[in-house]
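Okay, structure first, notes after.
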Amino acid sequence: MNLPNALTVIRIFLVPLLVVVLLTEFEGRQILGVPKEVIAAAIFGVASFTDWLDGYLARRRRQVTWVGQILDPIADKLLISAAFISLVQLDLAPAWMVALIIGREFAITGLRSLAYNKGIIIPASPLGKIKMGSQVACILMLILGWNPIPQLRLLGYLALWVVMLTAVISAVDYYRRFLVLMNARVTDVNVERSRRAS
């Protein structure tokens with residue numbers, strides 16, 4: 001296993017640790033004298049950083065692998081979904097917004113899988129990257145706004161609206177690109193059949 005894939009696996013293993021820290025009632029809401037919100041934010045921050053680092057190293061070292069391409073989006077979705085669901089459980093985020101955000105993640109994953117089965121690759125869009133960045137910022141602000149820095153809570157809610165809007169807009173963009181690529185694929189197949197027939 002190369003280093004980028006190892007970082008992706010580490011991110012997957014950090015997900016249950018994050019959930020345990022967020023949802024467990026520790027005495028005084030502290031772990032070894034540190035507020036549990038700070039530890040949860042640190043775990044989430046490290047996990048999010050590995051998302052950027054594994055992609056950077058894979059490209060720089062030319063270690064892009066099939067395993068990495070499968071594991072990386074799974075790790076991302078596990079991390080973001082677990083964090084948002086935990087925030088709903090803690091009454092730090094509205095359930096309907098989180099359901100919409102997570103539903104979008106799985107819908108786009110299904111769409112990209114369908115396209116891949118048809119031999120079409122839909123690359124990540126700049127909107128998707130903005131969405132991921134806004135998700136990370138939003139989750140960190142909501143976690144830290146829970147106790148140590150309450151002023152961040154309002155910013156976290158505003159960021160959650162940004163996440164939801166970018167999630168919807170990027171989903172529409174993915175669907176539009178899927179239709180364009182599918183139509184181009186069908187046209188290519190029809191042209192090839194006509195050429196063979198003549």
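We name chains A, B, ... following the order of the structure tokens; residues begin at 1 in each chain, and ligands are numbered from 1 as shown.
Residues lying within 9 Å of stretch 115-124 of chain A, counting only C-alpha atoms and ignoring same-chain neighbours fewer than 5 positions away, are A:Gly110, A:Lys129, A:Tyr174, A:Arg177, A:Phe178, A:Leu181, A:Met182, A:Arg185.
Interatomic distance, atom CA of A:Glu27 against atom CA of A:Gly156: 25.9 Å.
Atom CA of A:Ile80 to atom CA of A:Asn2 spans 23.9 Å [interatomic distance, one decimal].
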What lies within 12 Å of A:Leu92 using only C-alpha atoms, ignoring chain neighbours under 2 positions off, as a PDB file with C-alpha atoms, in the first residue's frame?
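The file below, selection02.pdb, is the result:
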```pdb
ATOM      1  CA  LEU A  22     -18.483  13.989  19.812  1.00  0.00           C
ATOM      2  CA  ALA A  83     -19.690  14.537  11.325  1.00  0.00           C
ATOM      3  CA  PHE A  84     -23.005  16.000  10.113  1.00  0.00           C
ATOM      4  CA  ILE A  85     -25.097  13.188  11.624  1.00  0.00           C
ATOM      5  CA  SER A  86     -23.293  13.662  14.939  1.00  0.00           C
ATOM      6  CA  LEU A  87     -24.030  17.401  14.779  1.00  0.00           C
ATOM      7  CA  VAL A  88     -27.737  16.619  14.233  1.00  0.00           C
ATOM      8  CA  GLN A  89     -27.680  14.280  17.245  1.00  0.00           C
ATOM      9  CA  LEU A  90     -26.185  17.113  19.321  1.00  0.00           C
ATOM     10  CA  PRO A  94     -31.027  20.963  11.462  1.00  0.00           C
ATOM     11  CA  ALA A  95     -31.776  17.400  10.360  1.00  0.00           C
ATOM     12  CA  MET A  97     -30.446  20.361   5.900  1.00  0.00           C
ATOM     13  CA  VAL A  98     -28.103  17.500   6.732  1.00  0.00           C
ATOM     14  CA  CYS A 138     -18.883  24.647   8.470  1.00  0.00           C
ATOM     15  CA  ILE A 139     -18.310  21.492  10.525  1.00  0.00           C
ATOM     16  CA  LEU A 140     -15.272  22.975  12.303  1.00  0.00           C
ATOM     17  CA  MET A 141     -17.204  26.154  13.171  1.00  0.00           C
ATOM     18  CA  LEU A 142     -20.226  24.196  14.449  1.00  0.00           C
ATOM     19  CA  ILE A 143     -18.047  21.933  16.599  1.00  0.00           C
ATOM     20  CA  LEU A 144     -15.997  24.791  18.074  1.00  0.00           C
ATOM     21  CA  GLY A 145     -19.089  27.008  18.394  1.00  0.00           C
ATOM     22  CA  TRP A 146     -20.669  24.352  20.603  1.00  0.00           C
ATOM     23  CA  ASN A 147     -18.597  25.317  23.647  1.00  0.00           C
ATOM     24  CA  PRO A 150     -19.777  30.253  20.970  1.00  0.00           C
ATOM     25  CA  LEU A 152     -18.566  30.656  15.813  1.00  0.00           C
ATOM     26  CA  ARG A 153     -21.984  29.023  16.082  1.00  0.00           C
ATOM     27  CA  LEU A 154     -23.762  31.704  14.031  1.00  0.00           C
ATOM     28  CA  GLY A 156     -21.353  27.821  11.366  1.00  0.00           C
ATOM     29  CA  TYR A 157     -25.078  28.128  10.610  1.00  0.00           C
ATOM     30  CA  LEU A 160     -24.303  25.439   6.580  1.00  0.00           C
TER      31      LEU A 160
END
```
**Item:** alpha helix (DSSP H) residues, from DSSP on the backbone, in stretch 73-134 of chain A, as a ChimeraX atom specification
**Value:** /A:73-89,95-117,126-134
Resulting file, chosen residues, C-alpha atoms, as a PDB file, in the first residue's frame:
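again.pdb was written with the following content:
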```
ATOM      1  CA  PRO A  73     -14.493   9.369  -2.178  1.00  0.00           C
ATOM      2  CA  ILE A  74     -15.773   6.698   0.222  1.00  0.00           C
ATOM      3  CA  ALA A  75     -13.546   8.079   2.988  1.00  0.00           C
ATOM      4  CA  ASP A  76     -14.730  11.629   2.239  1.00  0.00           C
ATOM      5  CA  LYS A  77     -18.387  10.668   2.389  1.00  0.00           C
ATOM      6  CA  LEU A  78     -17.922   8.668   5.592  1.00  0.00           C
ATOM      7  CA  LEU A  79     -16.141  11.569   7.301  1.00  0.00           C
ATOM      8  CA  ILE A  80     -18.588  14.287   6.231  1.00  0.00           C
ATOM      9  CA  SER A  81     -21.697  12.134   6.828  1.00  0.00           C
ATOM     10  CA  ALA A  82     -20.543  10.984  10.274  1.00  0.00           C
ATOM     11  CA  ALA A  83     -19.690  14.537  11.325  1.00  0.00           C
ATOM     12  CA  PHE A  84     -23.005  16.000  10.113  1.00  0.00           C
ATOM     13  CA  ILE A  85     -25.097  13.188  11.624  1.00  0.00           C
ATOM     14  CA  SER A  86     -23.293  13.662  14.939  1.00  0.00           C
ATOM     15  CA  LEU A  87     -24.030  17.401  14.779  1.00  0.00           C
ATOM     16  CA  VAL A  88     -27.737  16.619  14.233  1.00  0.00           C
ATOM     17  CA  GLN A  89     -27.680  14.280  17.245  1.00  0.00           C
ATOM     18  CA  ALA A  95     -31.776  17.400  10.360  1.00  0.00           C
ATOM     19  CA  TRP A  96     -33.499  18.451   7.104  1.00  0.00           C
ATOM     20  CA  MET A  97     -30.446  20.361   5.900  1.00  0.00           C
ATOM     21  CA  VAL A  98     -28.103  17.500   6.732  1.00  0.00           C
ATOM     22  CA  ALA A  99     -30.445  14.999   5.039  1.00  0.00           C
ATOM     23  CA  LEU A 100     -30.376  17.121   1.875  1.00  0.00           C
ATOM     24  CA  ILE A 101     -26.563  17.432   1.936  1.00  0.00           C
ATOM     25  CA  ILE A 102     -25.973  13.713   2.557  1.00  0.00           C
ATOM     26  CA  GLY A 103     -28.682  12.709   0.073  1.00  0.00           C
ATOM     27  CA  ARG A 104     -26.904  14.779  -2.565  1.00  0.00           C
ATOM     28  CA  GLU A 105     -23.629  12.977  -1.813  1.00  0.00           C
ATOM     29  CA  PHE A 106     -25.149   9.560  -2.391  1.00  0.00           C
ATOM     30  CA  ALA A 107     -27.136  10.671  -5.440  1.00  0.00           C
ATOM     31  CA  ILE A 108     -23.994  12.018  -7.132  1.00  0.00           C
ATOM     32  CA  THR A 109     -22.047   8.883  -6.194  1.00  0.00           C
ATOM     33  CA  GLY A 110     -24.762   6.793  -7.854  1.00  0.00           C
ATOM     34  CA  LEU A 111     -24.756   9.048 -10.914  1.00  0.00           C
ATOM     35  CA  ARG A 112     -20.963   8.823 -11.271  1.00  0.00           C
ATOM     36  CA  SER A 113     -21.091   5.027 -10.849  1.00  0.00           C
ATOM     37  CA  LEU A 114     -23.755   4.761 -13.546  1.00  0.00           C
ATOM     38  CA  ALA A 115     -21.649   6.929 -15.859  1.00  0.00           C
ATOM     39  CA  TYR A 116     -18.526   4.856 -15.111  1.00  0.00           C
ATOM     40  CA  ASN A 117     -20.396   1.654 -16.009  1.00  0.00           C
ATOM     41  CA  PRO A 126     -14.767  23.321  -9.151  1.00  0.00           C
ATOM     42  CA  LEU A 127     -18.196  23.607  -7.489  1.00  0.00           C
ATOM     43  CA  GLY A 128     -17.605  20.231  -5.841  1.00  0.00           C
ATOM     44  CA  LYS A 129     -14.285  21.458  -4.460  1.00  0.00           C
ATOM     45  CA  ILE A 130     -15.954  24.630  -3.126  1.00  0.00           C
ATOM     46  CA  LYS A 131     -18.643  22.451  -1.530  1.00  0.00           C
ATOM     47  CA  MET A 132     -16.034  20.268   0.175  1.00  0.00           C
ATOM     48  CA  GLY A 133     -14.132  23.297   1.486  1.00  0.00           C
ATOM     49  CA  SER A 134     -17.310  24.905   2.791  1.00  0.00           C
TER      50      SER A 134
END
```
**Message:** Please identify the strand (DSSP E) residues within chain A (assignment by DSSP from backbone atoms) and present them as number ranges by chain.
**Reply:** A: 30-31, 34-35
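Among the candidates A:Val162, A:Leu17, A:Leu155, A:Ala93, the one nearest to A:Ala40 when counting only C-alpha atoms is A:Leu17.
Using only C-alpha atoms, the contacts of A:Ala47 at a cut-off of 9 Å, with sequence neighbours closer than 6 positions omitted, comprise Leu7, Thr8, Ile10, Arg11, Ile12, Leu14, Val15 and Leu79 of chain A.
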Output file for the selection above: N, CA and C atoms, as a PDB file, in the first residue's frame:
```
ATOM      1  N   LEU A   7      -2.894   7.114   3.831  1.00  0.00           N
ATOM      2  CA  LEU A   7      -3.534   8.305   4.412  1.00  0.00           C
ATOM      3  C   LEU A   7      -5.055   8.219   4.300  1.00  0.00           C
ATOM      4  N   THR A   8      -5.532   7.685   3.183  1.00  0.00           N
ATOM      5  CA  THR A   8      -6.977   7.516   3.005  1.00  0.00           C
ATOM      6  C   THR A   8      -7.532   6.536   4.034  1.00  0.00           C
ATOM      7  N   ILE A  10      -6.209   5.879   6.963  1.00  0.00           N
ATOM      8  CA  ILE A  10      -6.162   6.569   8.264  1.00  0.00           C
ATOM      9  C   ILE A  10      -7.399   7.443   8.426  1.00  0.00           C
ATOM     10  N   ARG A  11      -7.798   8.146   7.355  1.00  0.00           N
ATOM     11  CA  ARG A  11      -8.996   8.989   7.418  1.00  0.00           C
ATOM     12  C   ARG A  11     -10.230   8.161   7.761  1.00  0.00           C
ATOM     13  N   ILE A  12     -10.328   6.977   7.165  1.00  0.00           N
ATOM     14  CA  ILE A  12     -11.475   6.097   7.461  1.00  0.00           C
ATOM     15  C   ILE A  12     -11.467   5.690   8.931  1.00  0.00           C
ATOM     16  N   LEU A  14     -10.249   7.369  11.408  1.00  0.00           N
ATOM     17  CA  LEU A  14     -10.513   8.523  12.264  1.00  0.00           C
ATOM     18  C   LEU A  14     -12.011   8.803  12.412  1.00  0.00           C
ATOM     19  N   VAL A  15     -12.823   8.296  11.483  1.00  0.00           N
ATOM     20  CA  VAL A  15     -14.270   8.563  11.512  1.00  0.00           C
ATOM     21  C   VAL A  15     -14.925   8.052  12.798  1.00  0.00           C
ATOM     22  N   LEU A  79     -16.548  10.511   6.365  1.00  0.00           N
ATOM     23  CA  LEU A  79     -16.141  11.569   7.301  1.00  0.00           C
ATOM     24  C   LEU A  79     -17.204  12.662   7.385  1.00  0.00           C
TER      25      LEU A  79
END
```
**Request:** Work out how far atom CA of A:Val64 is from atom CA of A:Val9, in Å to one decimal.
**Result:** 14.8 Å
